[in-house]
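The block underneath contains the structure these notes are about, expressed in structure tokens.
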Amino acid sequence: MPHPTDNPRQSINATPRANTVDGPVVRCVDVHKSYKGQGERVQALRGVDLQIDEPGYYAIMGQSGSGKSTLLHLLSALDPPDSGEIFVGGQPIHSLSEREATEYRRTQIGIVFQQFNLIPTLTAVENVELPGVLAGKPPAEIRARAMELLDLLGLPARASHRPDALSGGEQQRVAIARALLFKPPVVFADEPTGNLDSANAELLWKLLGDIAKEQRTTIVMVTHEPAAAAHCQSVFIVRDGQICGEIRTEGLDAAGVASRYQQLVGSA
Ligand SMILES: Nc1ncnc2c1ncn2[C@@H]1O[C@H](COP(=O)(O)OP(=O)(O)OP(=O)(O)O)[C@@H](O)[C@H]1O
Ligand SMILES: [Mg+2]
């Protein structure tokens with residue numbers, strides 16, 4: 001497999017775009033994952049089949065412990081599946097070496113967590129630039145891209161602030177800008193608004209939808225909030241380690257999504 005950043009001075013823009021590949025953006029086939037805990041082995045995923053055909057904004061919902069974070073970990077190549085196949089942008093993720101997985105995470109996807117994970121001693125713009133600095137990309141190009149992203153996320157005036165001088169919502173927007181530095185075709189977000197108040201959460205859900213459209217990026221967001229899922233075009237429901245249904249949200253508000261969700265998870 002080619003390594004897009006083997007030449008460290010290669011431009012940010014030279015990264016191959018997986019969304020130019022024909023075929024599904026994300027595809028999981030019969031994915032299983034178990035963990036050895038303190039006692040019994042836990043079956044976190046029990047045969048996940050998932051296909052996202054078009055770039056866009058998608059949600060994953062399900063009860064606590066149903067396997068949502070595990071699925072996002074596997075899609076992000078943070079962990080390998082026990083069995084099954086995973087393709088992101090046509091690239092097989094289930095069989096990557098550790099080096100390939102690191103390269104994939106660094107250049108082909110963005111990852112956003114509930115915790116913002118910013119470096120406290122760096123300013124907002126330096127936090128956004130960090131993956132580019134670590135990859136040895138040209139500094140002027142990284143700075144221009146980082147400022148463009150802070151602008152897109154409504155934070156140009158906050159570029160020189162350190163995280164402790166930013167609100168929670170602002171910190172998460174910096175983390176999202178950092179995830180977008182390499183123009184990844186896919187961003188995975190695990191409860192990105194879990195630490196935010198409802199006004200900031202609402203702003204972020206809308207912003208992620210705008211980013212998906214404007215940057216032609218697919219965003220896959222785990223959420224517990226029907227109001228978040230209503231911003232997405234489709235919601236995949238996880239129950240007991242499997243995808244048990246999909247809600248297409250066109251014409252549905254948050255209450256409509258909540259009601260369809262209850263029908264799907266409640267029919268266990
Ligand atoms: N590293 C691990 N070691 C052992 N068990 C784990 C590990 N990670 C997850 N599990 C177990 O796998 C199952 C699925 O966990 P997962 O974190 O994917 O759930 P989730 O749907 O994200 O839940 P939540 O909504 O609470 O975040 C749970 O039973 C959990 O306890
Ligand atoms: Mg989780």
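Each chain in the structure tokens gets a letter, A, B, ..., in the order shown, and its residues are numbered from 1; ligands are numbered from 1 in order too.
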
- Query: Which residues form the shell of 12 Å around ligand 2 when you count only C-alpha atoms and all ligand atoms, given as a PyMOL selection string?
  - Reply: chain A and resi 44+60-73+113-114+189-192+194+221-224+238

- Query: Which polymer residues have any atom within 7 Å of an atom of Gly90 (chain A), counting only C-alpha atoms, with same-chain residues fewer than 3 positions away left out, as a PyMOL selection string?
  - Reply: chain A and resi 21+23-25+87

- Item | Surrounding residues of Val26 (chain A) excluding itself and chain neighbours under 5 positions, 12 Å, only C-alpha atoms, as a PyMOL selection string | chain A and resi 18-19+21+49-56+58+71-72+74-76+85-93+109+185-188+218-220

- Message: I need the residues of region 122-164 of chain A that end up classed as alpha helix (DSSP H) by DSSP on the backbone, written out as a PyMOL selection string.
- Response: chain A and resi 124-134+139-152

- Find the residues near Ile142 (chain A): any atom within 12 Å, counting only C-alpha atoms, skip ones fewer than 5 places away on the same chain, and give them as a ChimeraX atom specification. /A:9-13,125-137,147-149,177-178,180-183

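Each of A:Gln215, A:Ser34, A:Cys28, A:Ser97 was checked against ligand 1 using only C-alpha atoms and all ligand atoms; the smallest atom-to-atom distance is that of A:Ser34.
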
- Test item: residues at most 12 Å from Leu166 (chain A), only C-alpha atoms, excluding those fewer than 2 positions along its chain, as JSON, numbers by chain: {"A": [116, 118, 120, 123, 124, 155, 157, 158, 159, 160, 161, 162, 163, 164, 168, 169, 170, 171, 172, 173, 174, 175]}

Could you name the residues that touch region 102-104 of chain A at 9 Å or less, counting only C-alpha atoms, but leaving out those on the same chain fewer than 2 positions away, as a PDB file with N, CA and C atoms, in the first residue's frame?
ATOM      1  N   HIS A   3       2.307   5.001   0.777  1.00  0.00           N
ATOM      2  CA  HIS A   3       2.274   5.840   1.974  1.00  0.00           C
ATOM      3  C   HIS A   3       2.319   7.289   1.561  1.00  0.00           C
ATOM      4  N   PRO A   4       1.178   8.007   1.656  1.00  0.00           N
ATOM      5  CA  PRO A   4       1.115   9.357   1.127  1.00  0.00           C
ATOM      6  C   PRO A   4       2.095  10.315   1.772  1.00  0.00           C
ATOM      7  N   THR A   5       2.526  10.056   3.007  1.00  0.00           N
ATOM      8  CA  THR A   5       3.429  11.006   3.641  1.00  0.00           C
ATOM      9  C   THR A   5       4.845  10.443   3.768  1.00  0.00           C
ATOM     10  N   SER A  76     -11.879   3.460  12.700  1.00  0.00           N
ATOM     11  CA  SER A  76     -10.732   4.363  12.783  1.00  0.00           C
ATOM     12  C   SER A  76      -9.410   3.605  12.838  1.00  0.00           C
ATOM     13  N   ALA A  77      -9.451   2.283  12.723  1.00  0.00           N
ATOM     14  CA  ALA A  77      -8.259   1.426  12.781  1.00  0.00           C
ATOM     15  C   ALA A  77      -7.478   1.630  14.086  1.00  0.00           C
ATOM     16  N   LEU A  78      -8.200   1.958  15.164  1.00  0.00           N
ATOM     17  CA  LEU A  78      -7.554   2.036  16.477  1.00  0.00           C
ATOM     18  C   LEU A  78      -7.441   0.638  17.066  1.00  0.00           C
ATOM     19  N   ILE A  93      -9.562  -1.802   5.811  1.00  0.00           N
ATOM     20  CA  ILE A  93      -9.047  -1.346   7.102  1.00  0.00           C
ATOM     21  C   ILE A  93      -8.759  -2.513   8.031  1.00  0.00           C
ATOM     22  N   LEU A  96      -4.858  -3.804   7.935  1.00  0.00           N
ATOM     23  CA  LEU A  96      -3.721  -2.875   7.910  1.00  0.00           C
ATOM     24  C   LEU A  96      -2.652  -3.300   8.912  1.00  0.00           C
ATOM     25  N   SER A  97      -1.393  -3.107   8.544  1.00  0.00           N
ATOM     26  CA  SER A  97      -0.308  -3.261   9.521  1.00  0.00           C
ATOM     27  C   SER A  97      -0.387  -2.068  10.476  1.00  0.00           C
ATOM     28  N   GLU A  98       0.364  -2.121  11.564  1.00  0.00           N
ATOM     29  CA  GLU A  98       0.321  -1.002  12.516  1.00  0.00           C
ATOM     30  C   GLU A  98       0.780   0.299  11.857  1.00  0.00           C
ATOM     31  N   ARG A  99       1.793   0.184  11.030  1.00  0.00           N
ATOM     32  CA  ARG A  99       2.315   1.374  10.352  1.00  0.00           C
ATOM     33  C   ARG A  99       1.275   1.955   9.386  1.00  0.00           C
ATOM     34  N   GLU A 100       0.618   1.062   8.662  1.00  0.00           N
ATOM     35  CA  GLU A 100      -0.419   1.507   7.718  1.00  0.00           C
ATOM     36  C   GLU A 100      -1.606   2.121   8.461  1.00  0.00           C
ATOM     37  N   ARG A 106      -3.732   9.220  10.295  1.00  0.00           N
ATOM     38  CA  ARG A 106      -3.132  10.557  10.208  1.00  0.00           C
ATOM     39  C   ARG A 106      -3.602  11.309   8.969  1.00  0.00           C
ATOM     40  N   THR A 107      -3.846  10.594   7.877  1.00  0.00           N
ATOM     41  CA  THR A 107      -4.070  11.316   6.622  1.00  0.00           C
ATOM     42  C   THR A 107      -5.420  11.045   5.958  1.00  0.00           C
ATOM     43  N   GLN A 108      -6.048   9.908   6.249  1.00  0.00           N
ATOM     44  CA  GLN A 108      -7.249   9.540   5.501  1.00  0.00           C
ATOM     45  C   GLN A 108      -8.551   9.791   6.261  1.00  0.00           C
ATOM     46  N   ILE A 109      -8.448   9.938   7.589  1.00  0.00           N
ATOM     47  CA  ILE A 109      -9.666  10.175   8.372  1.00  0.00           C
ATOM     48  C   ILE A 109      -9.397  11.259   9.413  1.00  0.00           C
TER      49      ILE A 109
END

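Of the listed residues (A:Ala59, A:Ala201, A:Ile211, A:Leu45), A:Ala59 comes nearest to Ile247 (chain A); the distances count only C-alpha atoms.
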
- Item | Which of A:Gly84, A:Pro156, A:Gly47, A:Gly241 sits closest to ligand 1 [using only C-alpha atoms and all ligand atoms] | A:Gly241

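The smallest atom-to-atom distance between Ala229 (chain A) and any of A:Cys244, A:Pro80, A:Tyr57, A:Ala212, using only C-alpha atoms, is found for A:Tyr57.
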
- In region 38-267 of chain A, DSSP strand (DSSP E) residues written as a ChimeraX atom specification: /A:41-52,57-62,83-88,91-92,109-112,186-190,218-222,234-239,242-248

Those same residues, written as a compact mmCIF listing (two decimals), in the first residue's frame with N, CA and C atoms?
# COMPACT_ATOMS: atom_id res chain seq x y z
N ARG A 41 -15.46 -13.09 28.54
CA ARG A 41 -15.17 -12.33 27.33
C ARG A 41 -16.46 -11.61 26.90
N VAL A 42 -16.35 -10.30 26.60
CA VAL A 42 -17.52 -9.50 26.20
C VAL A 42 -17.59 -9.44 24.68
N GLN A 43 -18.72 -9.84 24.13
CA GLN A 43 -18.93 -9.73 22.68
C GLN A 43 -19.48 -8.34 22.38
N ALA A 44 -18.61 -7.41 22.00
CA ALA A 44 -19.05 -6.02 21.78
C ALA A 44 -19.75 -5.88 20.43
N LEU A 45 -19.23 -6.51 19.39
CA LEU A 45 -19.87 -6.49 18.06
C LEU A 45 -20.11 -7.93 17.61
N ARG A 46 -21.34 -8.20 17.14
CA ARG A 46 -21.73 -9.57 16.81
C ARG A 46 -22.22 -9.68 15.37
N GLY A 47 -21.39 -9.23 14.42
CA GLY A 47 -21.80 -9.36 13.02
C GLY A 47 -22.39 -8.07 12.49
N VAL A 48 -21.60 -7.00 12.50
CA VAL A 48 -22.08 -5.71 12.00
C VAL A 48 -21.99 -5.68 10.47
N ASP A 49 -23.11 -5.40 9.85
CA ASP A 49 -23.17 -5.12 8.41
C ASP A 49 -23.63 -3.68 8.25
N LEU A 50 -22.82 -2.88 7.58
CA LEU A 50 -23.14 -1.45 7.45
C LEU A 50 -22.62 -0.96 6.11
N GLN A 51 -23.43 -0.21 5.41
CA GLN A 51 -22.95 0.37 4.15
C GLN A 51 -23.41 1.81 4.02
N ILE A 52 -22.44 2.71 3.79
CA ILE A 52 -22.75 4.11 3.50
C ILE A 52 -22.33 4.35 2.06
N TYR A 57 -23.71 13.23 5.93
CA TYR A 57 -23.70 13.41 7.38
C TYR A 57 -24.58 12.31 7.99
N TYR A 58 -23.97 11.41 8.77
CA TYR A 58 -24.65 10.22 9.28
C TYR A 58 -24.51 10.13 10.79
N ALA A 59 -25.53 9.55 11.43
CA ALA A 59 -25.47 9.32 12.88
C ALA A 59 -25.51 7.83 13.17
N ILE A 60 -24.93 7.47 14.32
CA ILE A 60 -25.07 6.13 14.87
C ILE A 60 -25.67 6.28 16.26
N MET A 61 -26.82 5.62 16.50
CA MET A 61 -27.46 5.69 17.81
C MET A 61 -27.61 4.27 18.37
N GLY A 62 -27.73 4.19 19.67
CA GLY A 62 -27.95 2.90 20.31
C GLY A 62 -27.76 3.06 21.80
N SER A 83 -13.00 -10.64 13.38
CA SER A 83 -13.27 -11.20 12.05
C SER A 83 -14.17 -10.23 11.31
N GLY A 84 -14.30 -10.43 10.01
CA GLY A 84 -15.12 -9.55 9.19
C GLY A 84 -14.25 -8.59 8.39
N GLU A 85 -14.90 -7.82 7.52
CA GLU A 85 -14.18 -6.90 6.65
C GLU A 85 -14.69 -5.48 6.83
N ILE A 86 -13.76 -4.52 6.78
CA ILE A 86 -14.11 -3.10 6.91
C ILE A 86 -13.40 -2.35 5.79
N PHE A 87 -14.16 -1.59 5.02
CA PHE A 87 -13.58 -0.78 3.96
C PHE A 87 -13.99 0.68 4.19
N VAL A 88 -13.04 1.58 4.13
CA VAL A 88 -13.34 3.02 4.20
C VAL A 88 -12.73 3.66 2.96
N GLN A 91 -10.69 1.38 0.85
CA GLN A 91 -9.45 0.83 1.40
C GLN A 91 -9.78 -0.21 2.48
N PRO A 92 -9.18 -1.40 2.41
CA PRO A 92 -9.45 -2.40 3.45
C PRO A 92 -8.77 -2.00 4.76
N ILE A 109 -8.45 9.94 7.59
CA ILE A 109 -9.67 10.18 8.37
C ILE A 109 -9.40 11.26 9.41
N GLY A 110 -10.49 11.82 9.94
CA GLY A 110 -10.40 12.68 11.12
C GLY A 110 -11.13 11.98 12.25
N ILE A 111 -10.65 12.19 13.47
CA ILE A 111 -11.31 11.58 14.63
C ILE A 111 -11.59 12.68 15.66
N VAL A 112 -12.83 12.71 16.15
CA VAL A 112 -13.21 13.68 17.18
C VAL A 112 -13.85 12.91 18.33
N VAL A 186 -13.32 11.25 5.34
CA VAL A 186 -14.27 10.78 6.36
C VAL A 186 -13.81 11.26 7.74
N VAL A 187 -14.79 11.73 8.54
CA VAL A 187 -14.53 12.10 9.94
C VAL A 187 -15.42 11.25 10.83
N PHE A 188 -14.84 10.61 11.84
CA PHE A 188 -15.60 9.85 12.82
C PHE A 188 -15.63 10.64 14.13
N ALA A 189 -16.84 10.84 14.66
CA ALA A 189 -16.99 11.65 15.88
C ALA A 189 -17.80 10.85 16.91
N ASP A 190 -17.21 10.63 18.09
CA ASP A 190 -17.89 9.85 19.13
C ASP A 190 -18.45 10.80 20.19
N THR A 218 -17.46 13.07 4.51
CA THR A 218 -18.48 12.26 5.17
C THR A 218 -18.24 12.33 6.68
N ILE A 219 -19.29 12.66 7.43
CA ILE A 219 -19.17 12.70 8.89
C ILE A 219 -20.06 11.62 9.48
N VAL A 220 -19.47 10.76 10.30
CA VAL A 220 -20.21 9.70 10.98
C VAL A 220 -20.12 9.98 12.47
N MET A 221 -21.28 10.30 13.07
CA MET A 221 -21.30 10.80 14.45
C MET A 221 -22.10 9.87 15.36
N VAL A 222 -21.47 9.37 16.41
CA VAL A 222 -22.20 8.64 17.45
C VAL A 222 -22.89 9.65 18.35
N SER A 234 -29.21 10.24 7.66
CA SER A 234 -29.59 8.86 7.95
C SER A 234 -28.99 8.47 9.30
N VAL A 235 -29.70 7.60 10.02
CA VAL A 235 -29.25 7.18 11.35
C VAL A 235 -29.19 5.66 11.38
N PHE A 236 -28.04 5.12 11.72
CA PHE A 236 -27.90 3.67 11.86
C PHE A 236 -28.09 3.32 13.33
N ILE A 237 -28.93 2.33 13.58
CA ILE A 237 -29.23 1.96 14.96
C ILE A 237 -28.47 0.69 15.33
N VAL A 238 -27.70 0.78 16.44
CA VAL A 238 -26.95 -0.38 16.94
C VAL A 238 -27.71 -0.96 18.12
N ARG A 239 -27.91 -2.27 18.07
CA ARG A 239 -28.52 -2.95 19.22
C ARG A 239 -27.79 -4.27 19.44
N GLN A 242 -25.10 -5.26 16.86
CA GLN A 242 -25.45 -5.38 15.45
C GLN A 242 -26.20 -4.12 15.00
N ILE A 243 -26.19 -3.87 13.70
CA ILE A 243 -27.04 -2.79 13.16
C ILE A 243 -28.43 -3.37 12.99
N CYS A 244 -29.40 -2.80 13.73
CA CYS A 244 -30.74 -3.39 13.66
C CYS A 244 -31.68 -2.56 12.80
N GLY A 245 -31.21 -1.45 12.25
CA GLY A 245 -32.09 -0.68 11.38
C GLY A 245 -31.48 0.66 11.02
N GLU A 246 -32.13 1.33 10.09
CA GLU A 246 -31.68 2.64 9.63
C GLU A 246 -32.90 3.56 9.56
N ILE A 247 -32.72 4.77 10.05
CA ILE A 247 -33.79 5.76 9.96
C ILE A 247 -33.37 6.82 8.97
N ARG A 248 -34.13 6.98 7.92
CA ARG A 248 -33.88 8.10 6.99
C ARG A 248 -34.65 9.30 7.53
